[in-house]
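Quick look at work-v2.txt (compact mmCIF, C-alpha atoms):
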```txt
# COMPACT_ATOMS: atom_id res chain seq x y z
CA MET A 18 0.00 0.00 0.00
CA SER A 19 1.43 3.40 -0.98
CA LEU A 20 1.79 6.41 1.27
CA SER A 21 -0.58 8.39 -0.92
CA SER A 22 -3.28 5.70 -0.64
CA LEU A 23 -2.90 5.66 3.14
CA SER A 24 -3.38 9.41 3.32
CA GLY A 25 -6.10 9.61 0.69
CA SER A 26 -4.00 12.01 -1.41
CA SER A 27 -0.41 12.66 -2.40
CA SER A 28 -0.09 15.47 0.13
CA SER A 29 2.06 14.73 3.19
CA ALA A 30 -0.02 17.29 5.11
CA THR A 31 -2.87 14.79 5.40
CA HIS A 32 -0.72 11.76 6.19
CA PRO A 33 -1.44 9.97 9.50
CA LEU A 34 2.18 10.59 10.58
CA GLN A 35 1.99 14.34 9.98
CA PRO A 36 1.61 15.06 13.75
CA TYR A 37 4.91 13.21 14.24
CA GLY A 38 6.77 15.45 11.78
CA TRP A 39 6.11 13.74 8.46
CA ASP A 40 6.53 16.06 5.49
CA ALA A 41 7.20 16.08 1.75
CA GLY A 42 10.96 15.84 2.32
CA TRP A 43 10.65 12.61 4.30
CA GLU A 44 8.18 11.29 1.72
CA ALA A 45 10.79 11.79 -1.01
CA GLU A 46 13.51 10.13 1.11
CA PHE A 47 11.32 7.11 1.75
CA ALA A 48 10.15 6.61 -1.86
CA PRO A 49 12.80 3.95 -2.75
CA TYR A 50 11.91 1.91 0.34
CA GLU A 51 8.20 2.25 -0.34
CA ALA A 52 8.85 0.65 -3.72
CA GLU A 53 10.36 -2.31 -1.85
CA GLY A 54 7.17 -2.71 0.16
CA LEU A 55 8.64 -1.47 3.45
CA LEU A 56 6.68 0.51 6.03
CA VAL A 57 7.75 3.97 7.22
CA GLY A 58 7.61 4.96 10.86
CA ARG A 59 9.17 7.21 13.47
CA VAL A 60 11.03 5.82 16.46
CA VAL A 61 9.40 6.94 19.71
CA ARG A 62 11.50 4.86 22.11
CA VAL A 63 14.56 2.58 22.03
CA ASP A 64 15.17 -0.14 24.59
CA ARG A 65 17.72 -2.98 24.59
CA GLY A 66 18.05 -3.57 20.89
CA GLN A 67 14.40 -3.00 20.13
CA CYS A 68 12.36 0.09 19.43
CA ASP A 69 8.78 1.30 19.49
CA VAL A 70 7.81 2.74 16.12
CA VAL A 71 4.69 4.72 15.23
CA THR A 72 3.45 4.00 11.70
CA ALA A 73 0.40 4.85 9.60
CA ASP A 74 -0.95 1.41 10.55
CA GLY A 75 -0.41 2.04 14.26
CA PRO A 76 2.41 1.44 16.77
CA LEU A 77 4.64 -1.59 16.53
CA ARG A 78 7.72 -3.12 18.12
CA ALA A 79 10.75 -3.81 15.94
CA ASP A 80 14.23 -5.27 16.32
CA THR A 81 17.20 -3.01 15.42
CA ALA A 82 19.84 -5.70 14.87
CA PHE A 83 20.24 -5.02 11.14
CA VAL A 84 21.16 -1.33 11.57
CA THR A 85 24.97 -1.24 12.09
CA PRO A 86 24.92 -1.90 15.85
CA HIS A 87 28.75 -1.69 15.97
CA ASP A 88 28.70 2.06 15.22
CA PRO A 89 27.35 4.07 18.20
CA LEU A 90 26.53 7.04 15.97
CA ARG A 91 24.47 4.99 13.52
CA VAL A 92 22.38 2.89 15.86
CA VAL A 93 18.64 3.50 15.82
CA CYS A 94 17.77 6.47 18.02
CA THR A 95 14.62 8.18 19.28
CA GLY A 96 13.51 10.60 16.58
CA ASP A 97 14.78 8.52 13.65
CA TRP A 98 12.58 7.85 10.63
CA VAL A 99 12.97 4.18 9.72
CA ALA A 100 11.93 1.64 7.11
CA VAL A 101 10.39 -1.39 8.79
CA GLU A 102 9.37 -4.79 7.50
CA PRO A 103 5.60 -4.79 6.93
CA GLY A 104 5.14 -8.16 8.66
CA GLY A 105 6.93 -10.96 10.44
CA ASN A 106 7.63 -11.93 14.03
CA PRO A 107 9.85 -10.36 15.07
CA ARG A 108 9.79 -7.37 12.75
CA TYR A 109 13.06 -5.69 11.84
CA VAL A 110 14.13 -2.13 11.12
CA ARG A 111 15.84 -2.36 7.74
CA THR A 112 17.36 1.12 7.59
CA CYS A 113 17.22 4.66 8.97
CA LEU A 114 16.45 7.54 6.64
CA PRO A 115 19.30 10.10 6.46
CA ARG A 116 19.20 12.32 9.54
CA ARG A 117 18.66 16.04 9.18
CA THR A 118 20.18 16.78 12.59
CA ALA A 119 21.66 14.74 15.43
CA PHE A 120 22.41 15.68 19.03
CA VAL A 121 25.67 13.91 19.96
CA ARG A 122 27.83 13.96 23.08
CA SER A 123 31.02 12.09 23.93
CA THR A 124 30.73 9.11 26.24
CA SER A 125 32.72 8.51 29.41
CA SER A 126 34.43 5.68 27.54
CA GLN A 127 38.18 5.92 26.92
CA ARG A 128 37.58 4.74 23.32
CA SER A 129 36.61 8.19 22.04
CA GLU A 130 33.05 7.22 21.20
CA GLY A 131 30.14 9.52 20.58
CA GLN A 132 26.62 8.87 21.82
CA ILE A 133 23.62 10.08 19.88
CA LEU A 134 20.85 11.33 22.16
CA ALA A 135 18.18 12.39 19.66
CA ALA A 136 17.76 12.57 15.89
CA ASN A 137 15.98 14.92 13.51
CA VAL A 138 15.56 17.66 16.10
CA ASP A 139 14.64 21.26 15.26
CA HIS A 140 14.88 22.77 18.77
CA ALA A 141 17.11 21.86 21.72
CA VAL A 142 15.36 22.97 24.93
CA ILE A 143 17.94 23.24 27.72
CA ALA A 144 16.24 23.15 31.12
CA VAL A 145 18.14 24.97 33.89
CA SER A 146 16.79 25.09 37.43
CA LEU A 147 16.65 28.39 39.31
CA ALA A 148 16.44 26.40 42.56
CA VAL A 149 20.25 26.19 42.59
CA GLU A 150 23.10 28.52 41.67
CA LEU A 151 23.49 29.00 37.93
CA ASP A 152 26.37 27.10 36.33
CA LEU A 153 27.02 29.25 33.26
CA GLY A 154 29.85 27.03 32.09
CA ARG A 155 27.54 24.02 31.93
CA ILE A 156 24.94 26.04 30.05
CA GLU A 157 27.60 27.04 27.50
CA ARG A 158 28.57 23.38 27.13
CA PHE A 159 24.95 22.36 26.40
CA LEU A 160 24.64 25.24 23.94
CA ALA A 161 27.78 24.20 22.04
CA LEU A 162 26.37 20.71 21.52
CA ALA A 163 22.98 22.11 20.56
CA TRP A 164 24.39 24.47 17.93
CA GLU A 165 26.64 21.71 16.57
CA SER A 166 23.63 19.39 16.20
CA GLY A 167 21.98 21.77 13.77
CA ALA A 168 19.09 22.53 16.13
CA GLN A 169 18.04 25.95 17.45
CA PRO A 170 18.76 26.13 21.19
CA VAL A 171 16.29 27.50 23.73
CA VAL A 172 17.20 27.97 27.41
CA VAL A 173 14.29 27.49 29.81
CA LEU A 174 14.91 28.64 33.39
CA THR A 175 12.64 26.35 35.36
CA LYS A 176 11.23 26.79 38.88
CA ALA A 177 11.12 30.57 38.40
CA ASP A 178 8.52 30.78 41.18
CA LEU A 179 11.37 30.10 43.62
CA VAL A 180 12.81 33.51 42.66
CA PRO A 181 9.80 35.75 43.36
CA ASP A 182 11.77 39.02 43.28
CA ALA A 183 11.44 40.37 39.74
CA VAL A 184 14.73 42.29 39.86
CA THR A 185 16.73 39.26 40.99
CA ARG A 186 15.05 37.09 38.37
CA GLY A 187 15.84 39.68 35.71
CA HIS A 188 19.52 39.66 36.66
CA LEU A 189 19.63 35.86 36.38
CA VAL A 190 18.01 35.97 32.95
CA GLN A 191 20.52 38.63 31.86
CA ASP A 192 23.46 36.50 33.07
CA VAL A 193 22.25 33.59 30.96
CA GLU A 194 21.55 35.81 27.95
CA THR A 195 25.16 37.04 28.11
CA SER A 196 26.31 33.42 27.97
CA ALA A 197 23.85 32.50 25.22
CA PRO A 198 24.06 35.04 22.37
CA GLY A 199 21.29 34.58 19.84
CA VAL A 200 19.36 32.16 22.05
CA PRO A 201 15.89 32.74 23.57
CA VAL A 202 16.03 32.59 27.39
CA VAL A 203 12.65 32.03 29.04
CA PRO A 204 11.96 31.90 32.80
CA VAL A 205 9.16 29.42 33.45
CA SER A 206 7.12 28.26 36.41
CA SER A 207 5.28 25.00 35.84
CA MET A 208 3.50 25.62 39.15
CA ASP A 209 1.70 28.82 38.13
CA GLY A 210 2.11 28.56 34.35
CA ASP A 211 4.24 31.68 33.86
CA GLY A 212 6.24 31.50 30.62
CA LEU A 213 4.73 28.22 29.42
CA ASP A 214 2.90 29.90 26.56
CA VAL A 215 6.20 31.35 25.31
CA VAL A 216 7.92 27.96 25.38
CA ALA A 217 4.93 26.26 23.73
CA ALA A 218 5.06 28.83 20.92
CA LEU A 219 8.81 28.31 20.44
CA VAL A 220 8.51 24.51 20.18
CA GLY A 221 5.10 24.42 18.51
CA GLY A 222 6.51 23.42 15.14
CA GLY A 223 8.93 20.61 14.40
CA THR A 224 10.67 18.34 16.90
CA SER A 225 12.21 19.48 20.20
CA VAL A 226 14.52 17.59 22.54
CA LEU A 227 14.41 18.41 26.26
CA LEU A 228 17.84 18.36 27.92
CA GLY A 229 19.28 19.11 31.34
CA GLN A 230 20.59 17.68 34.59
CA SER A 231 18.55 15.52 36.93
CA GLY A 232 16.39 17.76 39.07
CA ALA A 233 16.20 20.51 36.44
CA GLY A 234 12.43 20.07 36.15
CA LYS A 235 12.40 18.49 32.69
CA SER A 236 9.61 16.00 33.40
CA THR A 237 7.50 18.66 35.11
CA LEU A 238 8.02 20.96 32.12
CA ALA A 239 7.16 18.13 29.72
CA ASN A 240 3.92 17.42 31.60
CA ALA A 241 3.02 21.12 31.54
CA LEU A 242 3.56 21.30 27.78
CA LEU A 243 1.63 18.07 27.24
CA GLY A 244 -1.25 19.22 29.42
CA GLU A 245 -1.28 15.96 31.39
CA ASP A 246 0.91 13.95 33.75
CA VAL A 247 2.61 11.65 31.28
CA MET A 248 6.12 11.76 32.76
CA THR A 249 6.81 10.67 36.34
CA VAL A 250 8.02 13.46 38.62
CA GLN A 251 10.12 12.98 41.76
CA ALA A 252 11.08 15.50 44.41
CA THR A 253 14.57 17.00 44.33
CA ARG A 254 16.89 17.02 47.32
CA ASP A 255 16.69 20.19 49.36
CA VAL A 256 20.43 20.14 50.10
CA ASP A 257 21.60 20.59 46.49
CA GLY A 258 18.52 20.78 44.30
CA LYS A 259 19.44 17.58 42.47
CA GLY A 260 17.10 14.73 41.70
CA ARG A 261 17.14 11.08 40.72
CA HIS A 262 16.82 9.97 37.11
CA THR A 263 13.04 10.22 36.77
CA THR A 264 13.18 9.61 33.01
CA THR A 265 15.21 6.50 32.16
CA THR A 266 14.68 6.37 28.39
CA ARG A 267 14.23 8.90 25.61
CA ASN A 268 10.56 9.20 24.72
CA LEU A 269 8.98 10.97 21.74
CA LEU A 270 5.63 12.60 22.53
CA VAL A 271 3.18 14.61 20.41
CA LEU A 272 2.35 18.04 21.85
CA PRO A 273 -1.33 19.08 21.84
CA GLY A 274 -0.52 22.49 20.36
CA GLY A 275 1.55 21.02 17.55
CA GLY A 276 5.10 19.75 17.40
CA VAL A 277 6.86 16.78 18.94
CA LEU A 278 8.86 16.59 22.20
CA ILE A 279 11.65 14.13 23.04
CA ASP A 280 12.19 13.91 26.79
CA THR A 281 15.57 12.58 27.93
CA PRO A 282 17.12 11.26 31.15
CA GLY A 283 19.09 13.71 33.25
CA LEU A 284 22.63 14.16 31.96
CA ARG A 285 25.42 14.12 34.55
CA GLY A 286 28.18 14.37 31.99
CA VAL A 287 27.99 16.53 28.88
CA GLY A 288 31.18 15.93 26.94
CA LEU A 289 31.78 17.69 23.64
CA TRP A 290 31.91 15.63 20.45
CA ASP A 291 33.54 17.36 17.48
CA ALA A 292 31.70 20.57 18.36
CA GLY A 293 34.13 23.23 17.14
CA THR A 294 31.47 25.07 15.15
CA GLY A 295 29.10 24.96 18.10
CA VAL A 296 31.73 26.39 20.46
CA GLY A 297 32.35 29.21 18.00
CA GLN A 298 28.62 29.96 17.88
CA VAL A 299 28.32 30.10 21.68
CA PHE A 300 31.28 32.46 21.93
CA SER A 301 30.54 34.42 18.79
CA GLU A 302 31.58 37.73 20.37
CA ILE A 303 35.07 36.36 21.09
CA GLU A 304 35.46 35.05 17.56
CA GLU A 305 34.35 38.42 16.18
CA LEU A 306 36.91 40.18 18.38
CA ALA A 307 39.60 37.72 17.27
CA GLU A 308 39.16 38.85 13.67
CA ARG A 309 40.55 42.25 14.75
CA CYS A 310 43.68 40.83 16.40
CA ARG A 311 47.00 41.87 14.87
CA PHE A 312 48.04 38.24 14.25
CA HIS A 313 45.70 35.77 12.55
CA ASP A 314 46.91 32.92 14.82
CA CYS A 315 46.64 34.97 18.01
CA ALA A 316 46.19 32.77 21.10
CA HIS A 317 44.78 35.68 23.14
CA GLU A 318 47.33 35.14 25.89
CA ALA A 319 50.00 37.85 25.74
CA GLU A 320 50.33 38.80 22.07
CA PRO A 321 50.60 42.49 21.14
CA GLY A 322 47.59 43.91 19.36
CA CYS A 323 45.21 41.29 20.74
CA ALA A 324 41.64 42.63 20.45
CA VAL A 325 40.31 39.94 22.81
CA LEU A 326 42.65 40.93 25.64
CA ALA A 327 41.86 44.58 24.97
CA ALA A 328 38.15 43.77 25.44
CA ILE A 329 39.02 42.08 28.74
CA ASP A 330 40.95 45.15 29.90
CA SER A 331 38.10 47.49 28.97
CA GLY A 332 35.49 45.34 30.71
CA GLU A 333 33.67 44.64 27.44
CA LEU A 334 34.39 40.91 27.73
CA PRO A 335 34.15 39.04 31.07
CA VAL A 336 37.24 37.02 31.98
CA ARG A 337 35.01 34.05 32.77
CA ARG A 338 33.79 33.93 29.15
CA LEU A 339 37.32 33.77 27.76
CA GLU A 340 38.33 31.08 30.26
CA SER A 341 35.26 29.01 29.39
CA TYR A 342 35.95 29.46 25.67
CA ARG A 343 39.53 28.25 26.07
CA LYS A 344 38.43 25.27 28.17
CA LEU A 345 35.84 24.07 25.67
CA LEU A 346 38.18 24.58 22.71
CA ARG A 347 40.89 22.49 24.43
CA GLU A 348 38.42 19.75 25.31
CA ASN A 349 37.01 19.62 21.81
CA GLN A 350 40.49 19.56 20.30
CA ARG A 351 41.42 16.56 22.48
CA ILE A 352 38.30 14.66 21.42
CA VAL A 353 38.85 15.33 17.73
CA ALA A 354 42.57 14.53 17.96
CA LYS A 355 41.83 11.04 19.27
CA THR A 356 40.31 10.12 15.91
CA ASP A 357 42.29 12.46 13.62
CA ALA A 358 45.96 11.59 13.10
CA ARG A 359 46.65 14.76 11.12
CA LEU A 360 45.30 16.94 13.91
CA ARG A 361 47.34 15.02 16.50
CA ALA A 362 50.47 15.82 14.50
CA GLU A 363 49.51 19.49 14.28
CA ILE A 364 48.93 19.66 18.04
CA ARG A 365 52.34 18.07 18.76
CA LYS A 366 53.95 20.52 16.35
CA ASP A 367 52.21 23.42 18.09
CA TRP A 368 53.35 22.17 21.50
CA LYS A 369 56.95 21.98 20.28
CA ARG A 370 56.71 25.49 18.79
CA LYS A 371 55.36 26.93 22.04
CA GLY A 372 58.00 25.05 24.02
CA THR A 373 60.75 26.50 21.84
CA MET A 374 59.32 30.00 22.20
CA GLY A 375 59.06 29.56 25.97
CA ARG A 376 62.68 28.41 26.29
CA ALA A 377 63.84 31.29 24.09
CA ALA A 378 61.95 33.76 26.27
CA MET A 379 63.53 32.29 29.42
CA GLU A 380 67.01 32.49 27.91
CA ALA A 381 66.39 36.12 26.95
CA LYS A 382 65.29 36.94 30.50
CA ARG A 383 68.36 35.22 31.96
CA GLY A 384 70.65 37.10 29.56
CA ALA A 385 69.05 40.40 30.50
CA HIS A 386 69.47 39.54 34.18
CA TRP A 387 73.20 38.76 33.87
CA ARG A 388 73.81 41.88 31.78
CA ALA A 389 72.15 43.95 34.51
```

How does this structure look as structure tokens?
Amino acid sequence: MSLSSLSGSSSSATHPLQPYGWDAGWEAEFAPYEAEGLLVGRVVRVDRGQCDVVTADGPLRADTAFVTPHDPLRVVCTGDWVAVEPGGNPRYVRTCLPRRTAFVRSTSSQRSEGQILAANVDHAVIAVSLAVELDLGRIERFLALAWESGAQPVVVLTKADLVPDAVTRGHLVQDVETSAPGVPVVPVSSMDGDGLDVVAALVGGGTSVLLGQSGAGKSTLANALLGEDVMTVQATRDVDGKGRHTTTTRNLLVLPGGGVLIDTPGLRGVGLWDAGTGVGQVFSEIEELAERCRFHDCAHEAEPGCAVLAAIDSGELPVRRLESYRKLLRENQRIVAKTDARLRAEIRKDWKRKGTMGRAAMEAKRGAHWRA
């Protein structure tokens, strides 16, 4: 049975999977597999080598063994569009359609592996709790991964009712806005509904993934956007504002106002994975300043004519931003170098060059001292 016959017309707008993000682009991608008699569906949950898939014929369970399980970045993931066998027991996912975007972080493994958290995402909603002190560096880390994924980031400051003073809340929003250039920052209270309409409007089209630490209020926010208690919510600890992993798998849910939401477990570690472009986007003001430095390879450490250091001296650029920028660049460079022999060689060459320059500077200082 063809997609057009299922929908009653050739328009993807009337297709049963349209609420899940189906469009003309996906229809064109799936056409070769439709000719083979396969069934299209979107993955709503993955669990132990199997996945729940929503199709035009209804939900089904399928095995993912055929989809390159040895490659952690190509395994079936929540948000994927897949071609599934139309029958059989068990059913198998035969292939994933090419992903438009993918949210990837590095694992804690020493093997330099990436882990894909969500696929085909349009918005990355980063939940940050106002019940604890803001960690701007962690927010910048999330933002780098979000930009690198190809999604539009949104920072949602949850539990805003715990900061009743409007002036204090405004300062917190401003601090985050400074760390998130070009990103909407929305304070939200799921208790009284403040800000929920803004978030719903931002994520009302396309697919959004909800990210953040345990205790950030992701499940509460998801329930508020869904209009019902779908996700389990547990109380956070008063001592540090942290919570247990309420959500244990990534789940794809249709929002009543339009759009799709992928809720994720709380993330303790958020390692970068080849996110150089994303880091540059987060720290766009530093990269713009760097274009005005006297030397094109300026390290912004002690070079003459450094526009970045001049901005630090004038107070235009906070020292914390530069330190965070350097930290994320170094981390990303290490990750990339583990899988890129050419880059490893360049890094070693750079280390040797800096070492030579450092020794030369020390010798010059010693010579000046003895001459004095």

*Could you please determine the separation between CA of Val57 in chain A and CA of Ala41 in chain A in Å, to one decimal place?*
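So the answer is 13.3 Å.
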
*Contacts of Phe83 in chain A at 12 Å or less, counting only C-alpha atoms, minus same-chain residues fewer than 5 places along, as a ChimeraX atom specification?*
/A:66-67,88,91-93,99-102,108-113

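What separates CA of Gly295 in chain A from CA of Leu160 in chain A is a distance of 7.4 Å.
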
*Might you pull out every residue within 8 Å of Ala217 in chain A, with all atoms listed in the file counted and same-chain residues fewer than 3 positions away left off, and present them as a list in words?*
Leu213, Asp214, Val220, Gly221, Leu242 and Gly274 of chain A

*CA of Gly38 in chain A to CA of Gly222 in chain A: how many Å, to one decimal?*
8.7 Å

*asked:* Residues near Val61 in chain A, anyone? I mean within 9 Å using all atoms listed in the file, not counting same-chain ones fewer than 4 positions away, as a list in words.
replied: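 That gives Cys68, Asp69, Val70, Val71, Cys94, Thr95, Gly96, Asp97, Arg267, Asn268, Leu269, Leu270 and Ile279 of chain A.
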
Suppose we keep C-alpha atoms; can you now write the selection as a PDB file, keeping the file's coordinate frame?
```pdb
ATOM      1  CA  CYS A  68      12.360   0.090  19.430  1.00  0.00           C
ATOM      2  CA  ASP A  69       8.780   1.300  19.490  1.00  0.00           C
ATOM      3  CA  VAL A  70       7.810   2.740  16.120  1.00  0.00           C
ATOM      4  CA  VAL A  71       4.690   4.720  15.230  1.00  0.00           C
ATOM      5  CA  CYS A  94      17.770   6.470  18.020  1.00  0.00           C
ATOM      6  CA  THR A  95      14.620   8.180  19.280  1.00  0.00           C
ATOM      7  CA  GLY A  96      13.510  10.600  16.580  1.00  0.00           C
ATOM      8  CA  ASP A  97      14.780   8.520  13.650  1.00  0.00           C
ATOM      9  CA  ARG A 267      14.230   8.900  25.610  1.00  0.00           C
ATOM     10  CA  ASN A 268      10.560   9.200  24.720  1.00  0.00           C
ATOM     11  CA  LEU A 269       8.980  10.970  21.740  1.00  0.00           C
ATOM     12  CA  LEU A 270       5.630  12.600  22.530  1.00  0.00           C
ATOM     13  CA  ILE A 279      11.650  14.130  23.040  1.00  0.00           C
TER      14      ILE A 279
END
```

*A:Val226, A:Ala354, A:Ile156, A:Ala328 ranked by distance to Thr118 in chain A, top pick (using only C-alpha atoms)*: A:Val226

_Let me make sure I understand: among A:Val142, A:Val84, A:Ala119, A:Val271, which one has the smallest atom-to-atom distance to Leu238 in chain A if we use all atoms listed in the file?_
A:Val142

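In this comparison, which uses all atoms listed in the file, the residue of A:Val184, A:Val336, A:Val325, A:Leu278 approaching Ala135 in chain A most closely is A:Leu278.
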
*Residue nearest Arg155 in chain A among A:Gly42, A:Pro76, A:Pro33, A:Gly229 (counting all atoms listed in the file)*: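 Closest candidate: A:Gly229.
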
*Restricting the calculation to only C-alpha atoms, which member of A:Val277, A:Leu189, A:Ile329, A:Val138 is positioned closest to Arg117 in chain A?*
A:Val138

_My list of candidates is A:Thr81, A:Leu243, A:Gly54, A:Arg59. Which is closest to Leu34 in chain A when distances are computed with only C-alpha atoms?_
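Between A:Thr81, A:Leu243, A:Gly54, A:Arg59, the residue approaching Leu34 in chain A most closely is A:Arg59.
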
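Environment of (20.9, 34.1, 30.7): residues at most 10 Å away, judged by all atoms listed in the file, are Leu151, Leu153, Ile156, Val172, Val173, Leu174, Gly187, His188, Leu189, Val190, Gln191, Asp192, Val193, Glu194, Thr195, Ser196, Ala197, Pro198, Val200, Pro201, Val202, Val203 and Pro204 of chain A.
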